[in-house]
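Asker: Just dropping this structure here.
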Amino acid sequence: QRAAAIKNYETALTQLAEKILAAPRNAENYHRRGEIYKDILAKGLSAEFDGAVYFENAEAQMLADFDAAARLDPKKPEYLNARGKVYARFWERELSGFSYFQSEKYKPDLEIVADINRFLLDNENFKAAERDFLKCVELSGGRGKNESFAACDGYGQIRATRAHHLGENEHVAALIGKSRAADAALADWDYTIEAAKANSVKYRSGSGLIQVYLVNKARAAGKFGRDDAALAALGDAEKLLATEDKDQFCQIYSTRAAIFLKQRKFDAALKDADTAIAGSGYWMCQNMLELRGDIYRSRGVIDKALEDYSNLLKTDSALLSGVFWKRGKLYLQTGEYEKAAADFTSAIGYGSLCEKDYELRAKALRLAGNEQAAAEDDKKVSEVS
């Protein structure tokens with residue numbers, strides 16, 4: 001099958017080469033040949049098989065052909081979209097070496113900012129792709145026209161990718177929250193949301209993906225410290241819950257409740273948390289119990305916080321070590337020292353220890369009257385540190 005495919009592609013390329021030789025100003029022939037090279041690359045046929053190398057320069061030839069087509073007929077959107085996707089391919093390959101970490105630690109802030117500029121804001125391949133996509137959009141009717149999103153689909157892909165990289169990490173988002181990088185990320189989400197709306201109309205696909213992108217924008221805006229933008233996006237997403245798509249039910253209310261909690265708007269936060277928990281059939285909303293417990297704890301309603309943490313801890317999940325710590329600290333406040341020590345012991349069992357873990361348990365054990373066990377934890381403090 002591979003040999004037959006290679007032969008078919010070689011034949012097609014030979015035929016197109018003859019046509020190009022006969023009509024060197026025909027843009028469509030270059031475009032068709034570029035599509036063949038793209039297909040060859042997608043099928044992994046640009047490689048060595050049985051000691052022979054096939055289509056060695058397929059990627060370079062693909063770009064050359066798409067470039068020739070776009071230059072010969074610069075007013076055809078599909079030619080610009082095709083060339084833009086090649087530059088996007090090069091950019092995404094560069095991104096494979098992009099990371100905010102070095103040796104499992106964050107890079108220095110200045111280095112992170114420099115990398116963001118290099119890979120995400122001022123990258124030449126991204127800019128080349130964007131130029132082609134923007135021209136494609138213009139020739140397809142302009143932004144806001146459903147036709148332009150379909151004809152220039154590569155643009156939405158690179159903007160969503162960049163938005164994810166800029167807004168997914170808490171530390172980085174806080175670092176760039178007031179900069180042009182955050183502006184770019186939110187603008188990227190706006191375009192992606194517009195494209196999803198256009199596709200929803202064209203394919204009658206519902207509002208599920210639109211909700212996802214609105215929630216993603218809200219989460220990024222929240223991390224950037226731009227609460228107004230986050231709340232506006234969540235409000236738009238909430239309106240879409242009236243449709244048949246409720247996939248983001250829990251995410252919408254949990255994200256907004258967390259913002260209200262940060263703003264110390266406890267009534268609004270509790271309202272959203274209650275709504276999410278009551279609608280737990282839509283998603284994994286039972287995890288909202290932790291957030292509602294946090295709201296009660298911040299408000300000083302200790303009994304309600306303990307109730308929510310306890311109900312959540314009835315589930316069996318290795319992700320709940322933080323809830324044991326939270327409940328254990330509340331037990332310290334209420335004077336239930338043995339329960340506090342038991343919770344700290346459960347949390348310690350999940351690993352990722354530091355000296356403060358043993359310090360807390362030592363405190364609880366000592367207050368519970370177990371001096372010997374507390375002294376043992378005192379020794380572990382120095383061992384861990």
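Ligands are numbered from 1 in the order shown, residues from 1 within each chain, and chains are lettered A, B, ... in the order they appear in the structure tokens.
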Give me the residues near segment 24-39 of chain A as a PyMOL selection string, where near means some atom within 6 Å (using only C-alpha atoms) and where sequence neighbours in that chain fewer than 2 positions away do not count.
Answerer: chain A and resi 20-21+41-42+58+62+65-66+69+72
Asker: Take the residues just selected and output them with N, CA and C atoms as a tab-separated table (two decimals), in the first residue's frame.
Answerer:
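Generated file (result_9.tsv):
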```tsv
chain	number	residue	atom	x	y	z
A	20	ILE	N	2.89	22.96	-15.00
A	20	ILE	CA	3.51	24.21	-14.55
A	20	ILE	C	4.53	24.70	-15.57
A	21	LEU	N	5.26	23.75	-16.16
A	21	LEU	CA	6.23	24.12	-17.19
A	21	LEU	C	5.53	24.74	-18.40
A	41	LEU	N	3.13	14.77	3.49
A	41	LEU	CA	3.64	15.00	4.85
A	41	LEU	C	2.68	14.46	5.89
A	42	ALA	N	1.38	14.66	5.68
A	42	ALA	CA	0.38	14.19	6.64
A	42	ALA	C	0.41	12.67	6.76
A	58	ALA	N	9.85	17.76	0.83
A	58	ALA	CA	8.41	17.98	0.67
A	58	ALA	C	7.93	19.25	1.37
A	62	MET	N	6.37	22.36	-0.47
A	62	MET	CA	5.00	22.75	-0.15
A	62	MET	C	4.90	24.26	0.04
A	65	ASP	N	5.42	26.15	-3.28
A	65	ASP	CA	4.26	26.09	-4.18
A	65	ASP	C	3.11	26.95	-3.68
A	66	PHE	N	2.81	26.88	-2.39
A	66	PHE	CA	1.74	27.72	-1.85
A	66	PHE	C	2.12	29.20	-1.97
A	69	ALA	N	1.56	30.26	-5.59
A	69	ALA	CA	0.14	30.44	-5.87
A	69	ALA	C	-0.36	31.77	-5.30
A	72	LEU	N	1.01	34.70	-7.37
A	72	LEU	CA	0.44	34.82	-8.71
A	72	LEU	C	-1.02	35.28	-8.68
```
Asker: Would you kindly return, as a PyMOL selection string, each protein, DNA or RNA residue with an atom no farther than 12 Å from any atom of Arg131 of chain A, considering only C-alpha atoms and excluding same-chain residues fewer than 2 positions away?
Answerer: chain A and resi 80-81+83-85+87-88+124-129+133-138+152+154-155
Asker: With C-alpha atoms kept, could you save the residues just selected as a PDB file, in the first residue's frame?
Answerer:
```pdb
ATOM      1  CA  LEU A  80      -3.443  32.765   1.491  1.00  0.00           C
ATOM      2  CA  ASN A  81      -5.016  30.390   4.000  1.00  0.00           C
ATOM      3  CA  ARG A  83       0.356  29.494   2.911  1.00  0.00           C
ATOM      4  CA  GLY A  84      -0.615  30.824   6.326  1.00  0.00           C
ATOM      5  CA  LYS A  85      -1.076  27.264   7.580  1.00  0.00           C
ATOM      6  CA  TYR A  87       3.869  29.319   8.565  1.00  0.00           C
ATOM      7  CA  ALA A  88       1.580  28.245  11.416  1.00  0.00           C
ATOM      8  CA  GLU A 124       8.278  35.838  12.677  1.00  0.00           C
ATOM      9  CA  ASN A 125       6.454  32.655  11.685  1.00  0.00           C
ATOM     10  CA  PHE A 126       3.398  33.656  13.706  1.00  0.00           C
ATOM     11  CA  LYS A 127       3.456  37.114  12.127  1.00  0.00           C
ATOM     12  CA  ALA A 128       3.770  35.655   8.630  1.00  0.00           C
ATOM     13  CA  ALA A 129       0.848  33.311   9.273  1.00  0.00           C
ATOM     14  CA  PHE A 133      -4.851  34.899   7.538  1.00  0.00           C
ATOM     15  CA  LEU A 134      -5.837  38.549   7.990  1.00  0.00           C
ATOM     16  CA  LYS A 135      -5.663  39.131   4.241  1.00  0.00           C
ATOM     17  CA  CYS A 136      -7.707  35.969   3.779  1.00  0.00           C
ATOM     18  CA  VAL A 137     -10.327  37.324   6.188  1.00  0.00           C
ATOM     19  CA  GLU A 138     -10.417  40.643   4.345  1.00  0.00           C
ATOM     20  CA  CYS A 152      -9.552  31.246   6.902  1.00  0.00           C
ATOM     21  CA  GLY A 154      -6.155  28.441  10.240  1.00  0.00           C
ATOM     22  CA  TYR A 155      -6.339  31.813  11.976  1.00  0.00           C
TER      23      TYR A 155
END
```
Asker: For a quick check of understanding, using only C-alpha atoms, which of A:Gln1, A:Ser382, A:Asn216, A:Ser179 has the smallest distance to Thr192 of chain A?
Answerer: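 Among A:Gln1, A:Ser382, A:Asn216, A:Ser179, it is A:Asn216 that comes nearest to Thr192 of chain A.
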Asker: Hey, which of A:Ala185, A:Leu45, A:Ala257, A:Ala23 ends up closest to Ala3 of chain A? Count only C-alpha atoms.
Answerer: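 Closest to Ala3 of chain A, using only C-alpha atoms: A:Leu45.
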Asker: Tell me, as a list of chain:residue names, which residues lie within 6 Å of segment 333-342 of chain A, counting only C-alpha atoms; anything in the same chain fewer than 2 positions away does not count.
Answerer: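 Counting only the stated atoms, we get A:Gly328, A:Leu330, A:Tyr331, A:Phe344, A:Thr345, A:Arg361, A:Ala364, A:Leu365, A:Ala368.
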Asker: Pull N, CA and C atoms from the residues just selected and write them as an mmCIF file, in the first residue's frame.
Answerer:
```
data_model
loop_
_atom_site.group_PDB
_atom_site.id
_atom_site.type_symbol
_atom_site.label_atom_id
_atom_site.label_comp_id
_atom_site.auth_asym_id
_atom_site.auth_seq_id
_atom_site.Cartn_x
_atom_site.Cartn_y
_atom_site.Cartn_z
ATOM 1 N N GLY A 328 -8.610 20.072 58.685
ATOM 2 C CA GLY A 328 -7.792 19.917 59.880
ATOM 3 C C GLY A 328 -7.540 21.242 60.575
ATOM 4 N N LEU A 330 -9.472 23.824 60.491
ATOM 5 C CA LEU A 330 -10.718 24.248 61.143
ATOM 6 C C LEU A 330 -10.938 23.485 62.451
ATOM 7 N N TYR A 331 -10.582 22.205 62.449
ATOM 8 C CA TYR A 331 -10.694 21.435 63.694
ATOM 9 C C TYR A 331 -9.786 22.012 64.779
ATOM 10 N N PHE A 344 -4.517 15.726 59.322
ATOM 11 C CA PHE A 344 -3.154 16.026 58.888
ATOM 12 C C PHE A 344 -2.423 14.735 58.525
ATOM 13 N N THR A 345 -2.695 13.672 59.276
ATOM 14 C CA THR A 345 -2.090 12.381 58.959
ATOM 15 C C THR A 345 -2.555 11.886 57.590
ATOM 16 N N ARG A 361 0.845 19.042 62.318
ATOM 17 C CA ARG A 361 0.408 17.832 63.022
ATOM 18 C C ARG A 361 0.978 17.787 64.430
ATOM 19 N N ALA A 364 -1.236 19.859 66.585
ATOM 20 C CA ALA A 364 -2.499 19.200 66.897
ATOM 21 C C ALA A 364 -2.291 18.078 67.911
ATOM 22 N N LEU A 365 -1.247 17.295 67.720
ATOM 23 C CA LEU A 365 -0.972 16.184 68.638
ATOM 24 C C LEU A 365 -0.668 16.703 70.036
ATOM 25 N N ALA A 368 -3.711 17.795 71.689
ATOM 26 C CA ALA A 368 -4.537 16.630 72.036
ATOM 27 C C ALA A 368 -3.948 15.857 73.205
#
```
Asker: Using DSSP secondary structure from the backbone, list all helix (DSSP H, G or I) positions within segment 79-139 of chain A, as a PyMOL selection string.
Answerer: chain A and resi 79-95+109-121+124-139
Asker: For Asn123 of chain A, work out the shell of residues within 12 Å, counting only C-alpha atoms and skipping chain neighbours fewer than 3 positions away, then give it as a PyMOL selection string.
Answerer: chain A and resi 87-88+90-92+94-95+114-120+126-130+162
Asker: So that I can see what lies close to Ser310 of chain A, please list as a list of chain:residue names the residues with an atom at most 10 Å from it, counting only C-alpha atoms and leaving out residues fewer than 2 positions away in the same chain.
Answerer: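 Within the cut-off, the hits are A:Leu289, A:Glu290, A:Gly293, A:Lys304, A:Ala305, A:Leu306, A:Glu307, A:Asp308, A:Leu312, A:Leu313, A:Lys314, A:Thr315, A:Val323, A:Phe324, A:Arg327.
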Asker: Take the residues that were just selected and, keeping C-alpha atoms, output them as a PDB file, in the first residue's frame.
Answerer:
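part_35.pdb, written as the output of this step:
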```
ATOM      1  CA  LEU A 289     -18.285  21.573  47.778  1.00  0.00           C
ATOM      2  CA  GLU A 290     -14.673  22.546  48.374  1.00  0.00           C
ATOM      3  CA  GLY A 293     -16.526  25.340  52.001  1.00  0.00           C
ATOM      4  CA  LYS A 304     -21.006  24.960  57.284  1.00  0.00           C
ATOM      5  CA  ALA A 305     -17.443  24.820  55.989  1.00  0.00           C
ATOM      6  CA  LEU A 306     -16.788  21.632  57.963  1.00  0.00           C
ATOM      7  CA  GLU A 307     -19.972  20.104  56.599  1.00  0.00           C
ATOM      8  CA  ASP A 308     -18.988  20.767  52.970  1.00  0.00           C
ATOM      9  CA  LEU A 312     -16.526  16.015  49.791  1.00  0.00           C
ATOM     10  CA  LEU A 313     -14.079  13.802  51.690  1.00  0.00           C
ATOM     11  CA  LYS A 314     -16.608  10.975  51.597  1.00  0.00           C
ATOM     12  CA  THR A 315     -15.555  10.563  47.985  1.00  0.00           C
ATOM     13  CA  VAL A 323      -9.214  19.462  51.739  1.00  0.00           C
ATOM     14  CA  PHE A 324      -7.810  17.415  54.616  1.00  0.00           C
ATOM     15  CA  ARG A 327     -10.615  20.716  57.510  1.00  0.00           C
TER      16      ARG A 327
END
```
Asker: Quick one: of A:Ala221, A:Ala150, A:Leu231, A:Ala181, who's nearest to Lys202 of chain A, counting only C-alpha atoms?
Answerer: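 Of the candidates, the smallest distance to Lys202 of chain A is held by A:Ala150.
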Asker: Give the answer as one residue: which of A:Lys197, A:Lys43, A:His171, A:Lys105 has the shortest atom-to-atom distance to Lys145 of chain A, using only C-alpha atoms?
Answerer: A:Lys197
Asker: Once you count only C-alpha atoms, what closest atom pair and distance in Å to one decimal does each residue of segment 288-336 of chain A within 8 Å of segment 266-279 of chain A have, with rows by chain and rising residue number, as a Markdown table?
Answerer:
```
| residue | atom | partner | partner_atom | distance |
| --- | --- | --- | --- | --- |
| A:Met288 | CA | A:Ile277 | CA | 6.3 |
| A:Leu289 | CA | A:Ile277 | CA | 7.2 |
| A:Leu291 | CA | A:Ala273 | CA | 7.3 |
| A:Arg292 | CA | A:Ala273 | CA | 5.8 |
| A:Ile295 | CA | A:Phe266 | CA | 6.6 |
| A:Arg299 | CA | A:Phe266 | CA | 7.1 |
```
Asker: Selected residues, N, CA, C and O atoms, written as an mmCIF file, in the first residue's frame, please.
Answerer:
```cif
data_model
loop_
_atom_site.group_PDB
_atom_site.id
_atom_site.type_symbol
_atom_site.label_atom_id
_atom_site.label_comp_id
_atom_site.auth_asym_id
_atom_site.auth_seq_id
_atom_site.Cartn_x
_atom_site.Cartn_y
_atom_site.Cartn_z
ATOM 1 N N MET A 288 -17.568 21.330 43.725
ATOM 2 C CA MET A 288 -17.883 22.687 44.183
ATOM 3 C C MET A 288 -18.041 22.733 45.698
ATOM 4 O O MET A 288 -18.040 23.812 46.284
ATOM 5 N N LEU A 289 -18.182 21.590 46.322
ATOM 6 C CA LEU A 289 -18.285 21.573 47.778
ATOM 7 C C LEU A 289 -17.039 22.185 48.418
ATOM 8 O O LEU A 289 -17.135 22.862 49.453
ATOM 9 N N LEU A 291 -15.131 24.562 47.115
ATOM 10 C CA LEU A 291 -15.199 26.009 46.941
ATOM 11 C C LEU A 291 -16.229 26.626 47.882
ATOM 12 O O LEU A 291 -15.982 27.666 48.499
ATOM 13 N N ARG A 292 -17.387 25.970 48.010
ATOM 14 C CA ARG A 292 -18.383 26.523 48.930
ATOM 15 C C ARG A 292 -17.872 26.467 50.367
ATOM 16 O O ARG A 292 -18.107 27.391 51.173
ATOM 17 N N ILE A 295 -15.749 29.391 50.833
ATOM 18 C CA ILE A 295 -16.543 30.613 51.013
ATOM 19 C C ILE A 295 -17.019 30.716 52.458
ATOM 20 O O ILE A 295 -16.899 31.765 53.098
ATOM 21 N N ARG A 299 -15.935 33.409 55.363
ATOM 22 C CA ARG A 299 -16.985 34.196 55.999
ATOM 23 C C ARG A 299 -17.066 33.937 57.506
ATOM 24 O O ARG A 299 -17.788 34.639 58.228
#
```
Asker: Neighbours of Ala347 of chain A within 8 Å (only C-alpha atoms; same-chain residues fewer than 5 positions away dropped), as number ranges by chain?
Answerer: A: 321-322, 324-325
Asker: Using only C-alpha atoms, please write the residues we just selected to a file, as a PDB file, in the first residue's frame.
Answerer:
```pdb
ATOM      1  CA  SER A 321      -5.219  16.183  50.252  1.00  0.00           C
ATOM      2  CA  GLY A 322      -5.730  19.949  50.338  1.00  0.00           C
ATOM      3  CA  PHE A 324      -7.810  17.415  54.616  1.00  0.00           C
ATOM      4  CA  TRP A 325      -5.503  20.311  55.449  1.00  0.00           C
TER       5      TRP A 325
END
```
Asker: Considering only C-alpha atoms, return as JSON, numbers by chain whatever protein or nucleic-acid residues lie within 12 Å of Ala184 of chain A, sequence-local ones (same chain, fewer than 2 positions apart) excluded.
Answerer: {"A": [116, 117, 120, 121, 122, 159, 160, 161, 162, 163, 164, 165, 166, 167, 176, 177, 178, 179, 180, 181, 182, 186, 187, 188, 189, 190, 191, 217, 220, 221, 224]}
Asker: Store the residues picked out above, limited to C-alpha atoms, as a short mmCIF file (atom, residue, chain, number, x, y, z; two decimals), in the first residue's frame.
Answerer:
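Dumped everything to part.cif:
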```
data_model
loop_
_atom_site.label_atom_id
_atom_site.label_comp_id
_atom_site.auth_asym_id
_atom_site.auth_seq_id
_atom_site.Cartn_x
_atom_site.Cartn_y
_atom_site.Cartn_z
CA ILE A 116 6.81 35.17 25.59
CA ASN A 117 7.97 37.94 23.28
CA LEU A 120 4.18 34.28 21.20
CA LEU A 121 4.20 38.00 20.44
CA ASP A 122 7.05 38.85 18.09
CA ARG A 159 -5.04 32.33 18.10
CA ALA A 160 -6.57 29.69 20.35
CA THR A 161 -3.14 28.06 20.75
CA ARG A 162 -1.51 31.36 21.70
CA ALA A 163 -4.31 32.24 24.09
CA HIS A 164 -3.86 28.92 25.92
CA HIS A 165 -0.12 29.44 26.30
CA LEU A 166 -0.55 32.96 27.64
CA GLY A 167 -3.39 32.31 30.08
CA ILE A 176 1.87 39.51 32.43
CA GLY A 177 -1.60 40.56 33.58
CA LYS A 178 -1.12 44.27 32.84
CA SER A 179 0.94 43.84 29.69
CA ARG A 180 0.28 43.59 25.97
CA ALA A 181 0.63 39.81 26.29
CA ALA A 182 -2.58 39.67 28.34
CA LEU A 186 -8.01 38.16 25.51
CA ALA A 187 -8.21 39.41 21.92
CA ASP A 188 -7.30 35.89 20.78
CA TRP A 189 -10.19 34.46 22.78
CA ASP A 190 -12.53 37.07 21.33
CA TYR A 191 -11.65 35.99 17.80
CA LYS A 217 -11.47 33.56 28.33
CA ALA A 220 -7.56 33.71 31.70
CA ALA A 221 -8.96 37.15 32.49
CA PHE A 224 -4.66 38.32 34.65
#
```
Asker: With distances taken over only C-alpha atoms, which residue among A:Leu139, A:Asn57, A:Lys326, A:Ala52 lies nearest Pro74 of chain A?
Answerer: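 Ranking A:Leu139, A:Asn57, A:Lys326, A:Ala52 by distance to Pro74 of chain A, first place goes to A:Leu139.
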Asker: Select from segment 45-210 of chain A everything DSSP, run on the backbone, classes as strand (DSSP E or B), then give the selection as a PyMOL selection string.
Answerer: chain A and resi 48-49+52-53+101-102+105-106
Asker: Could you write out that same residue set with N, CA and C atoms as a PDB file, in the first residue's frame?
Answerer:
```pdb
ATOM      1  N   GLU A  48      12.588   7.911   4.748  1.00  0.00           N
ATOM      2  CA  GLU A  48      13.394   6.849   4.130  1.00  0.00           C
ATOM      3  C   GLU A  48      12.702   5.511   4.322  1.00  0.00           C
ATOM      4  N   PHE A  49      12.526   4.784   3.233  1.00  0.00           N
ATOM      5  CA  PHE A  49      11.944   3.440   3.273  1.00  0.00           C
ATOM      6  C   PHE A  49      12.844   2.502   2.472  1.00  0.00           C
ATOM      7  N   ALA A  52      15.783   3.901   0.571  1.00  0.00           N
ATOM      8  CA  ALA A  52      15.554   4.988  -0.384  1.00  0.00           C
ATOM      9  C   ALA A  52      14.826   6.135   0.308  1.00  0.00           C
ATOM     10  N   VAL A  53      15.191   7.364  -0.043  1.00  0.00           N
ATOM     11  CA  VAL A  53      14.573   8.553   0.543  1.00  0.00           C
ATOM     12  C   VAL A  53      13.532   9.095  -0.441  1.00  0.00           C
ATOM     13  N   PHE A 101       9.429  26.601  32.377  1.00  0.00           N
ATOM     14  CA  PHE A 101      10.184  25.935  33.433  1.00  0.00           C
ATOM     15  C   PHE A 101      11.578  25.550  32.948  1.00  0.00           C
ATOM     16  N   GLN A 102      12.464  25.418  33.921  1.00  0.00           N
ATOM     17  CA  GLN A 102      13.810  24.924  33.672  1.00  0.00           C
ATOM     18  C   GLN A 102      14.231  24.144  34.906  1.00  0.00           C
ATOM     19  N   LYS A 105      11.729  24.058  37.751  1.00  0.00           N
ATOM     20  CA  LYS A 105      11.472  25.314  38.450  1.00  0.00           C
ATOM     21  C   LYS A 105      11.139  26.392  37.419  1.00  0.00           C
ATOM     22  N   TYR A 106      10.381  27.397  37.862  1.00  0.00           N
ATOM     23  CA  TYR A 106      10.095  28.507  36.965  1.00  0.00           C
ATOM     24  C   TYR A 106      11.392  29.204  36.555  1.00  0.00           C
TER      25      TYR A 106
END
```
